[in-house]
file entry.cif (mmCIF, C-alpha atoms; chains and numbers go by the auth columns)
data_upload
#
loop_
_atom_site.group_PDB
_atom_site.id
_atom_site.type_symbol
_atom_site.label_atom_id
_atom_site.label_comp_id
_atom_site.label_asym_id
_atom_site.label_seq_id
_atom_site.Cartn_x
_atom_site.Cartn_y
_atom_site.Cartn_z
_atom_site.B_iso_or_equiv
_atom_site.auth_seq_id
_atom_site.auth_asym_id
ATOM 1 C CA MET A 1 0.000 0.000 0.000 0.00 1 R
ATOM 2 C CA ALA A 2 1.197 3.497 -0.841 0.00 2 R
ATOM 3 C CA TRP A 3 0.165 7.076 -0.122 0.00 3 R
ATOM 4 C CA LEU A 4 -1.390 9.508 -2.591 0.00 4 R
ATOM 5 C CA LEU A 5 0.058 13.023 -2.143 0.00 5 R
ATOM 6 C CA LYS A 6 -0.473 16.491 -3.633 0.00 6 R
ATOM 7 C CA ASP A 7 2.058 19.246 -2.850 0.00 7 R
ATOM 8 C CA GLY A 8 3.577 17.020 -0.143 0.00 8 R
ATOM 9 C CA GLU A 9 0.230 16.611 1.654 0.00 9 R
ATOM 10 C CA VAL A 10 -1.176 13.101 2.101 0.00 10 R
ATOM 11 C CA LEU A 11 -4.605 12.818 0.479 0.00 11 R
ATOM 12 C CA ALA A 12 -5.312 9.125 1.033 0.00 12 R
ATOM 13 C CA SER A 13 -3.924 5.630 1.185 0.00 13 R
ATOM 14 C CA CYS A 14 -3.666 4.236 -2.320 0.00 14 R
ATOM 15 C CA ASP A 15 -3.437 0.776 -3.865 0.00 15 R
ATOM 16 C CA ASP A 16 -1.375 0.516 -7.046 0.00 16 R
ATOM 17 C CA THR A 17 -3.304 -1.843 -9.319 0.00 17 R
ATOM 18 C CA PRO A 18 -1.769 -3.139 -12.546 0.00 18 R
ATOM 19 C CA ALA A 19 -4.665 -3.774 -14.862 0.00 19 R
ATOM 20 C CA ALA A 20 -5.628 -4.913 -18.318 0.00 20 R
ATOM 21 C CA PRO A 21 -6.695 -2.272 -20.864 0.00 21 R
ATOM 22 C CA LEU A 22 -10.311 -2.701 -19.743 0.00 22 R
ATOM 23 C CA SER A 23 -10.545 -3.071 -15.968 0.00 23 R
ATOM 24 C CA ARG A 24 -13.313 -3.505 -13.433 0.00 24 R
ATOM 25 C CA ILE A 25 -12.718 -2.303 -9.901 0.00 25 R
ATOM 26 C CA PRO A 26 -14.783 -2.152 -6.723 0.00 26 R
ATOM 27 C CA VAL A 27 -15.110 1.233 -5.009 0.00 27 R
ATOM 28 C CA GLY A 28 -16.101 1.688 -1.391 0.00 28 R
ATOM 29 C CA SER A 29 -13.245 -0.311 0.094 0.00 29 R
ATOM 30 C CA PRO A 30 -11.307 0.900 3.154 0.00 30 R
ATOM 31 C CA VAL A 31 -8.528 2.062 0.825 0.00 31 R
ATOM 32 C CA GLY A 32 -8.876 5.777 0.043 0.00 32 R
ATOM 33 C CA ALA A 33 -7.986 5.527 -3.653 0.00 33 R
ATOM 34 C CA GLN A 34 -6.762 3.168 -6.334 0.00 34 R
ATOM 35 C CA LEU A 35 -4.137 3.929 -8.953 0.00 35 R
ATOM 36 C CA ILE A 36 -4.854 1.844 -12.028 0.00 36 R
ATOM 37 C CA ARG A 37 -2.240 1.542 -14.727 0.00 37 R
ATOM 38 C CA ALA A 38 -4.731 1.406 -17.557 0.00 38 R
ATOM 39 C CA ARG A 39 -6.184 3.829 -20.080 0.00 39 R
ATOM 40 C CA ARG A 40 -9.794 2.641 -19.895 0.00 40 R
ATOM 41 C CA LEU A 41 -12.019 1.567 -17.053 0.00 41 R
ATOM 42 C CA HIS A 42 -15.447 0.012 -16.696 0.00 42 R
ATOM 43 C CA PHE A 43 -17.091 0.988 -13.423 0.00 43 R
ATOM 44 C CA ALA A 44 -20.358 -0.039 -11.814 0.00 44 R
ATOM 45 C CA GLY A 45 -20.651 0.603 -8.097 0.00 45 R
ATOM 46 C CA ALA A 46 -23.280 1.319 -5.493 0.00 46 R
ATOM 47 C CA LYS A 47 -21.717 4.561 -4.276 0.00 47 R
ATOM 48 C CA GLY A 48 -20.467 6.078 -7.525 0.00 48 R
ATOM 49 C CA ALA A 49 -16.877 7.196 -8.006 0.00 49 R
ATOM 50 C CA ASP A 50 -14.518 10.037 -8.769 0.00 50 R
ATOM 51 C CA VAL A 51 -12.182 9.249 -11.667 0.00 51 R
ATOM 52 C CA ALA A 52 -9.068 11.208 -12.697 0.00 52 R
ATOM 53 C CA SER A 53 -6.898 10.579 -15.735 0.00 53 R
ATOM 54 C CA LEU A 54 -3.157 11.212 -15.239 0.00 54 R
ATOM 55 C CA ASP A 55 -0.382 11.609 -17.790 0.00 55 R
ATOM 56 C CA THR A 56 3.057 9.989 -17.497 0.00 56 R
ATOM 57 C CA ASP A 57 4.244 12.831 -15.224 0.00 57 R
ATOM 58 C CA ARG A 58 1.287 12.124 -12.886 0.00 58 R
ATOM 59 C CA ILE A 59 -0.403 15.420 -13.751 0.00 59 R
ATOM 60 C CA VAL A 60 -4.211 15.353 -13.579 0.00 60 R
ATOM 61 C CA ARG A 61 -5.526 15.855 -17.115 0.00 61 R
ATOM 62 C CA ASP A 62 -9.222 15.133 -16.670 0.00 62 R
ATOM 63 C CA LEU A 63 -11.642 14.640 -13.754 0.00 63 R
ATOM 64 C CA GLY A 64 -15.081 13.086 -13.579 0.00 64 R
ATOM 65 C CA SER A 65 -17.633 11.973 -11.023 0.00 65 R
ATOM 66 C CA PHE A 66 -20.114 9.238 -11.758 0.00 66 R
ATOM 67 C CA GLY A 67 -23.374 8.420 -9.981 0.00 67 R
ATOM 68 C CA PRO A 68 -24.430 5.237 -8.241 0.00 68 R
ATOM 69 C CA TRP A 69 -24.831 2.064 -10.294 0.00 69 R
ATOM 70 C CA ARG A 70 -23.990 3.868 -13.497 0.00 70 R
ATOM 71 C CA PRO A 71 -21.669 1.774 -15.657 0.00 71 R
ATOM 72 C CA ILE A 72 -19.188 3.932 -17.563 0.00 72 R
ATOM 73 C CA VAL A 73 -16.170 3.438 -19.741 0.00 73 R
ATOM 74 C CA THR A 74 -13.631 6.223 -19.480 0.00 74 R
ATOM 75 C CA LYS A 75 -12.449 7.561 -22.813 0.00 75 R
ATOM 76 C CA ARG A 76 -9.699 9.703 -21.422 0.00 76 R
ATOM 77 C CA SER A 77 -6.273 9.543 -22.933 0.00 77 R
ATOM 78 C CA GLY A 78 -3.764 9.134 -20.164 0.00 78 R
ATOM 79 C CA ALA A 79 -1.201 6.796 -18.718 0.00 79 R
ATOM 80 C CA MET A 80 -3.087 5.895 -15.547 0.00 80 R
ATOM 81 C CA ILE A 81 -6.334 6.446 -13.682 0.00 81 R
ATOM 82 C CA VAL A 82 -7.017 7.330 -10.037 0.00 82 R
ATOM 83 C CA VAL A 83 -10.365 6.193 -8.657 0.00 83 R
ATOM 84 C CA ALA A 84 -11.823 7.206 -5.285 0.00 84 R
ATOM 85 C CA ASP A 85 -15.212 7.251 -3.602 0.00 85 R
ATOM 86 C CA ARG A 86 -17.554 9.884 -4.957 0.00 86 R
ATOM 87 C CA GLY A 87 -16.878 13.304 -3.439 0.00 87 R
ATOM 88 C CA ALA A 88 -13.254 12.557 -2.482 0.00 88 R
ATOM 89 C CA PHE A 89 -11.752 14.869 -5.111 0.00 89 R
ATOM 90 C CA VAL A 90 -13.790 17.827 -3.821 0.00 90 R
ATOM 91 C CA ARG A 91 -12.663 17.092 -0.239 0.00 91 R
ATOM 92 C CA TRP A 92 -9.057 16.871 -1.415 0.00 92 R
ATOM 93 C CA GLY A 93 -9.279 20.027 -3.556 0.00 93 R
ATOM 94 C CA LEU A 94 -8.087 18.051 -6.590 0.00 94 R
ATOM 95 C CA ALA A 95 -8.176 19.888 -9.923 0.00 95 R
ATOM 96 C CA ALA A 96 -6.909 19.495 -13.483 0.00 96 R
ATOM 97 C CA GLY A 97 -3.237 20.459 -13.627 0.00 97 R
ATOM 98 C CA ASP A 98 -2.401 19.183 -10.127 0.00 98 R
ATOM 99 C CA GLN A 99 0.608 16.881 -9.945 0.00 99 R
ATOM 100 C CA LEU A 100 0.214 13.817 -7.762 0.00 100 R
ATOM 101 C CA GLU A 101 2.832 11.727 -6.062 0.00 101 R
ATOM 102 C CA PHE A 102 2.720 8.107 -4.905 0.00 102 R
ATOM 103 C CA ARG A 103 4.948 6.892 -2.082 0.00 103 R
#

call {"tool": "encode", "arguments": {"input": "entry.cif", "output": "structure tokens"}}
result
Amino acid sequence: MAWLLKDGEVLASCDDTPAAPLSRIPVGSPVGAQLIRARRLHFAGAKGADVASLDTDRIVRDLGSFGPWRPIVTKRSGAMIVVADRGAFVRWGLAAGDQLEFR
């Protein structure tokens, strides 16, 4: 398990999940976020999710929030995806252009 940081501040615990090009993940686990090394993601969860696409420098390129039980496929072009429970990105103050760190 690693930590997800922005500007040296810890945002959440984070699992680093290697994944196939089309991945399914559960949200709502005790882990604060998941880093998925994939470009596309299929999501269907009871609580909804926040999804951010990151480039190779770990800069947030695109953010989205999806409602409960709404299956989606991200079409963002990026190197990896961060997924957290719905509303987490607002609490963290996460925005496009922010650079994230994983330790």

call {"tool": "atom_distance", "arguments": {"input": "entry.cif", "atom1": "CA of Asp50 in chain R", "atom2": "CA of Leu63 in chain R"}}
result
7.4 Å

call {"tool": "residues_near_point", "arguments": {"input": "entry.cif", "point": "(-17.5, 8.2, -10.6)", "cutoff": "8 Å", "atoms": "only C-alpha atoms", "output": "PyMOL selection string"}}
result
chain R and resi 43+48-51+64-68+83-86

call {"tool": "write_last_selection", "arguments": {"input": "entry.cif", "atoms": "C-alpha atoms", "output": "PDB file, in the frame of the given file"}}
result
ATOM      1  CA  PHE R  43     -17.091   0.988 -13.423  1.00  0.00           C
ATOM      2  CA  GLY R  48     -20.467   6.078  -7.525  1.00  0.00           C
ATOM      3  CA  ALA R  49     -16.877   7.196  -8.006  1.00  0.00           C
ATOM      4  CA  ASP R  50     -14.518  10.037  -8.769  1.00  0.00           C
ATOM      5  CA  VAL R  51     -12.182   9.249 -11.667  1.00  0.00           C
ATOM      6  CA  GLY R  64     -15.081  13.086 -13.579  1.00  0.00           C
ATOM      7  CA  SER R  65     -17.633  11.973 -11.023  1.00  0.00           C
ATOM      8  CA  PHE R  66     -20.114   9.238 -11.758  1.00  0.00           C
ATOM      9  CA  GLY R  67     -23.374   8.420  -9.981  1.00  0.00           C
ATOM     10  CA  PRO R  68     -24.430   5.237  -8.241  1.00  0.00           C
ATOM     11  CA  VAL R  83     -10.365   6.193  -8.657  1.00  0.00           C
ATOM     12  CA  ALA R  84     -11.823   7.206  -5.285  1.00  0.00           C
ATOM     13  CA  ASP R  85     -15.212   7.251  -3.602  1.00  0.00           C
ATOM     14  CA  ARG R  86     -17.554   9.884  -4.957  1.00  0.00           C
TER      15      ARG R  86
END

call {"tool": "resolve_selection", "arguments": {"input": "entry.cif", "expression": "the PyMOL selection byres ((chain R and resi 8) around 12)", "output": "VMD selection string"}}
result
chain R and resid 3 to 7 9 to 12 98 to 103

call {"tool": "write_last_selection", "arguments": {"input": "entry.cif", "atoms": "C-alpha atoms", "output": "mmCIF file, in the coordinates of the input"}}
result
data_model
loop_
_atom_site.group_PDB
_atom_site.id
_atom_site.type_symbol
_atom_site.label_atom_id
_atom_site.label_comp_id
_atom_site.auth_asym_id
_atom_site.auth_seq_id
_atom_site.Cartn_x
_atom_site.Cartn_y
_atom_site.Cartn_z
ATOM 1 C CA TRP R 3 0.165 7.076 -0.122
ATOM 2 C CA LEU R 4 -1.390 9.508 -2.591
ATOM 3 C CA LEU R 5 0.058 13.023 -2.143
ATOM 4 C CA LYS R 6 -0.473 16.491 -3.633
ATOM 5 C CA ASP R 7 2.058 19.246 -2.850
ATOM 6 C CA GLU R 9 0.230 16.611 1.654
ATOM 7 C CA VAL R 10 -1.176 13.101 2.101
ATOM 8 C CA LEU R 11 -4.605 12.818 0.479
ATOM 9 C CA ALA R 12 -5.312 9.125 1.033
ATOM 10 C CA ASP R 98 -2.401 19.183 -10.127
ATOM 11 C CA GLN R 99 0.608 16.881 -9.945
ATOM 12 C CA LEU R 100 0.214 13.817 -7.762
ATOM 13 C CA GLU R 101 2.832 11.727 -6.062
ATOM 14 C CA PHE R 102 2.720 8.107 -4.905
ATOM 15 C CA ARG R 103 4.948 6.892 -2.082
#

call {"tool": "residues_around", "arguments": {"input": "entry.cif", "residues": "Gly97 in chain R", "least_positions_apart": "5", "cutoff": "10 Å", "atoms": "all atoms listed in the file", "output": "ChimeraX atom specification"}}
result
/R:54,58-62

call {"tool": "resolve_selection", "arguments": {"input": "entry.cif", "expression": "the PyMOL selection byres ((chain R and resi 14) around 8)", "output": "PyMOL selection string"}}
result
chain R and resi 1-4+12-13+15-16+31-35+102
